[in-house]
Amino acid sequence: MSTPGYLTMKQYQILSVLCDGNGNDEAGNFIAADLDELLERLAYRTTKDSIQFSIRPLVNNGFLTKSYEKRRNARRVVLTPTKMCRQIMGRMTPAFFEPADFEKLDV
């Protein structure tokens, strides 16, 4: 059931896999998953054409960015969750507030 402003169950599953990505490298940087890795990790089976159809609105609405990298001797579509997406999915602490230094307050 798709309602404006809400994610479908399939979109939620896609974002869950992509927010996990391929872990982090030695420097702690996030390693994004590519389209083939996404297809392997999804809880349901689908085709590449179908998953591209599901991903398009996520890219258009700012949940994912799409880029290309050479991986496993081929050019692959790499899908990276945006900061907004990771916050919505609960995969990072929102950065709305910066830590306050209460020592400097004169009350």
# chains A, B, ... in the order shown; residues from 1 in each chain; ligands from 1
$ residues_around --residues "A:Leu64" --least-positions-apart "5" --cutoff "7 Å" --atoms "only C-alpha atoms" --output "ChimeraX atom specification"
/A:58-59,79-82
$ write_last_selection --atoms "C-alpha atoms" --output "PDB file, in the first residue's frame"
ATOM      1  CA  LEU A  58      13.899   6.994  -4.150  1.00  0.00           C
ATOM      2  CA  VAL A  59      16.545   8.828  -6.194  1.00  0.00           C
ATOM      3  CA  LEU A  79      23.536   3.490  -4.798  1.00  0.00           C
ATOM      4  CA  THR A  80      24.439   5.644  -1.805  1.00  0.00           C
ATOM      5  CA  PRO A  81      21.886   6.628   0.850  1.00  0.00           C
ATOM      6  CA  THR A  82      21.753  10.351   1.545  1.00  0.00           C
TER       7      THR A  82
END
$ closest_residue --among "A:Asp20, A:Asn73, A:Ser67, A:Thr46" --to "A:Cys85" --atoms "only C-alpha atoms"
A:Asp20
$ residues_around --residues "A:Ser54" --least-positions-apart "6" --cutoff "10 Å" --atoms "only C-alpha atoms" --output "PDB file with C-alpha atoms, in the first residue's frame"
ATOM      1  CA  THR A   8       6.255   1.105   0.657  1.00  0.00           C
ATOM      2  CA  LYS A  10       9.656  -2.851  -0.728  1.00  0.00           C
ATOM      3  CA  GLN A  11      11.169   0.635  -0.620  1.00  0.00           C
ATOM      4  CA  ILE A  14      15.661  -1.607  -0.360  1.00  0.00           C
ATOM      5  CA  LYS A  48      17.038  -5.852 -12.434  1.00  0.00           C
TER       6      LYS A  48
END
$ select_by_dssp --residues "chain A" --states "helix (DSSP H, G or I)" --output "NGL selection string"
:A and (9-20 or 35-41 or 48-60 or 83-88 or 102-104)
$ select_by_dssp --residues "stretch 41-97 of chain A" --states "strand (DSSP E)" --output "PDB file with N, CA, C and O atoms, in the first residue's frame"
ATOM      1  N   LEU A  64      18.356   8.506  -2.218  1.00  0.00           N
ATOM      2  CA  LEU A  64      19.555   7.848  -2.734  1.00  0.00           C
ATOM      3  C   LEU A  64      20.240   8.725  -3.768  1.00  0.00           C
ATOM      4  O   LEU A  64      19.588   9.513  -4.446  1.00  0.00           O
ATOM      5  N   THR A  65      21.543   8.553  -3.885  1.00  0.00           N
ATOM      6  CA  THR A  65      22.271   9.116  -5.016  1.00  0.00           C
ATOM      7  C   THR A  65      22.799   7.950  -5.829  1.00  0.00           C
ATOM      8  O   THR A  65      23.130   6.895  -5.282  1.00  0.00           O
ATOM      9  N   LYS A  66      22.841   8.166  -7.117  1.00  0.00           N
ATOM     10  CA  LYS A  66      23.229   7.117  -8.043  1.00  0.00           C
ATOM     11  C   LYS A  66      24.526   7.536  -8.727  1.00  0.00           C
ATOM     12  O   LYS A  66      24.632   8.659  -9.222  1.00  0.00           O
ATOM     13  N   SER A  67      25.518   6.647  -8.719  1.00  0.00           N
ATOM     14  CA  SER A  67      26.775   6.928  -9.402  1.00  0.00           C
ATOM     15  C   SER A  67      27.273   5.631 -10.037  1.00  0.00           C
ATOM     16  O   SER A  67      26.614   4.603  -9.954  1.00  0.00           O
ATOM     17  N   TYR A  68      28.437   5.707 -10.650  1.00  0.00           N
ATOM     18  CA  TYR A  68      28.996   4.533 -11.329  1.00  0.00           C
ATOM     19  C   TYR A  68      30.433   4.330 -10.875  1.00  0.00           C
ATOM     20  O   TYR A  68      31.170   5.282 -10.671  1.00  0.00           O
ATOM     21  N   GLU A  69      30.802   3.067 -10.708  1.00  0.00           N
ATOM     22  CA  GLU A  69      32.175   2.698 -10.346  1.00  0.00           C
ATOM     23  C   GLU A  69      32.543   1.431 -11.088  1.00  0.00           C
ATOM     24  O   GLU A  69      31.667   0.626 -11.419  1.00  0.00           O
ATOM     25  N   LYS A  70      33.839   1.255 -11.294  1.00  0.00           N
ATOM     26  CA  LYS A  70      34.296  -0.003 -11.867  1.00  0.00           C
ATOM     27  C   LYS A  70      34.558  -0.958 -10.707  1.00  0.00           C
ATOM     28  O   LYS A  70      35.426  -0.715  -9.867  1.00  0.00           O
ATOM     29  N   ARG A  71      33.789  -2.020 -10.661  1.00  0.00           N
ATOM     30  CA  ARG A  71      33.904  -3.055  -9.635  1.00  0.00           C
ATOM     31  C   ARG A  71      33.778  -4.407 -10.316  1.00  0.00           C
ATOM     32  O   ARG A  71      32.987  -4.566 -11.229  1.00  0.00           O
ATOM     33  N   ALA A  74      33.729  -4.596 -14.164  1.00  0.00           N
ATOM     34  CA  ALA A  74      32.609  -4.057 -14.942  1.00  0.00           C
ATOM     35  C   ALA A  74      32.177  -2.725 -14.332  1.00  0.00           C
ATOM     36  O   ALA A  74      32.429  -2.447 -13.155  1.00  0.00           O
ATOM     37  N   ARG A  75      31.530  -1.916 -15.143  1.00  0.00           N
ATOM     38  CA  ARG A  75      30.975  -0.637 -14.664  1.00  0.00           C
ATOM     39  C   ARG A  75      29.669  -0.941 -13.941  1.00  0.00           C
ATOM     40  O   ARG A  75      28.744  -1.510 -14.523  1.00  0.00           O
ATOM     41  N   ARG A  76      29.598  -0.568 -12.673  1.00  0.00           N
ATOM     42  CA  ARG A  76      28.430  -0.884 -11.838  1.00  0.00           C
ATOM     43  C   ARG A  76      27.724   0.384 -11.382  1.00  0.00           C
ATOM     44  O   ARG A  76      28.360   1.408 -11.132  1.00  0.00           O
ATOM     45  N   VAL A  77      26.402   0.284 -11.222  1.00  0.00           N
ATOM     46  CA  VAL A  77      25.601   1.365 -10.640  1.00  0.00           C
ATOM     47  C   VAL A  77      25.735   1.253  -9.128  1.00  0.00           C
ATOM     48  O   VAL A  77      25.431   0.210  -8.546  1.00  0.00           O
ATOM     49  N   VAL A  78      26.214   2.321  -8.500  1.00  0.00           N
ATOM     50  CA  VAL A  78      26.400   2.348  -7.049  1.00  0.00           C
ATOM     51  C   VAL A  78      25.335   3.259  -6.454  1.00  0.00           C
ATOM     52  O   VAL A  78      25.133   4.380  -6.908  1.00  0.00           O
ATOM     53  N   LEU A  79      24.639   2.760  -5.427  1.00  0.00           N
ATOM     54  CA  LEU A  79      23.536   3.490  -4.798  1.00  0.00           C
ATOM     55  C   LEU A  79      23.927   3.856  -3.370  1.00  0.00           C
ATOM     56  O   LEU A  79      24.136   2.986  -2.531  1.00  0.00           O
ATOM     57  N   THR A  80      24.014   5.157  -3.114  1.00  0.00           N
ATOM     58  CA  THR A  80      24.439   5.644  -1.805  1.00  0.00           C
ATOM     59  C   THR A  80      23.273   6.337  -1.115  1.00  0.00           C
ATOM     60  O   THR A  80      22.666   7.244  -1.689  1.00  0.00           O
ATOM     61  N   PRO A  81      22.947   5.929   0.118  1.00  0.00           N
ATOM     62  CA  PRO A  81      21.886   6.628   0.850  1.00  0.00           C
ATOM     63  C   PRO A  81      22.344   8.025   1.251  1.00  0.00           C
ATOM     64  O   PRO A  81      23.496   8.224   1.635  1.00  0.00           O
TER      65      PRO A  81
END
$ closest_residue --among "A:Leu42, A:Arg86, A:Asp36, A:Thr47" --to "A:Val17" --atoms "only C-alpha atoms"
A:Leu42
$ atom_distance --atom1 "atom CA of A:Met89" --atom2 "atom CA of A:Leu15"
7.7 Å
$ closest_residue --among "A:Glu37, A:Tyr6, A:Arg45, A:Cys19" --to "A:Met92" --atoms "only C-alpha atoms"
A:Cys19
$ atom_distance --atom1 "atom CA of A:Arg41" --atom2 "atom CA of A:Gly23"
13.6 Å
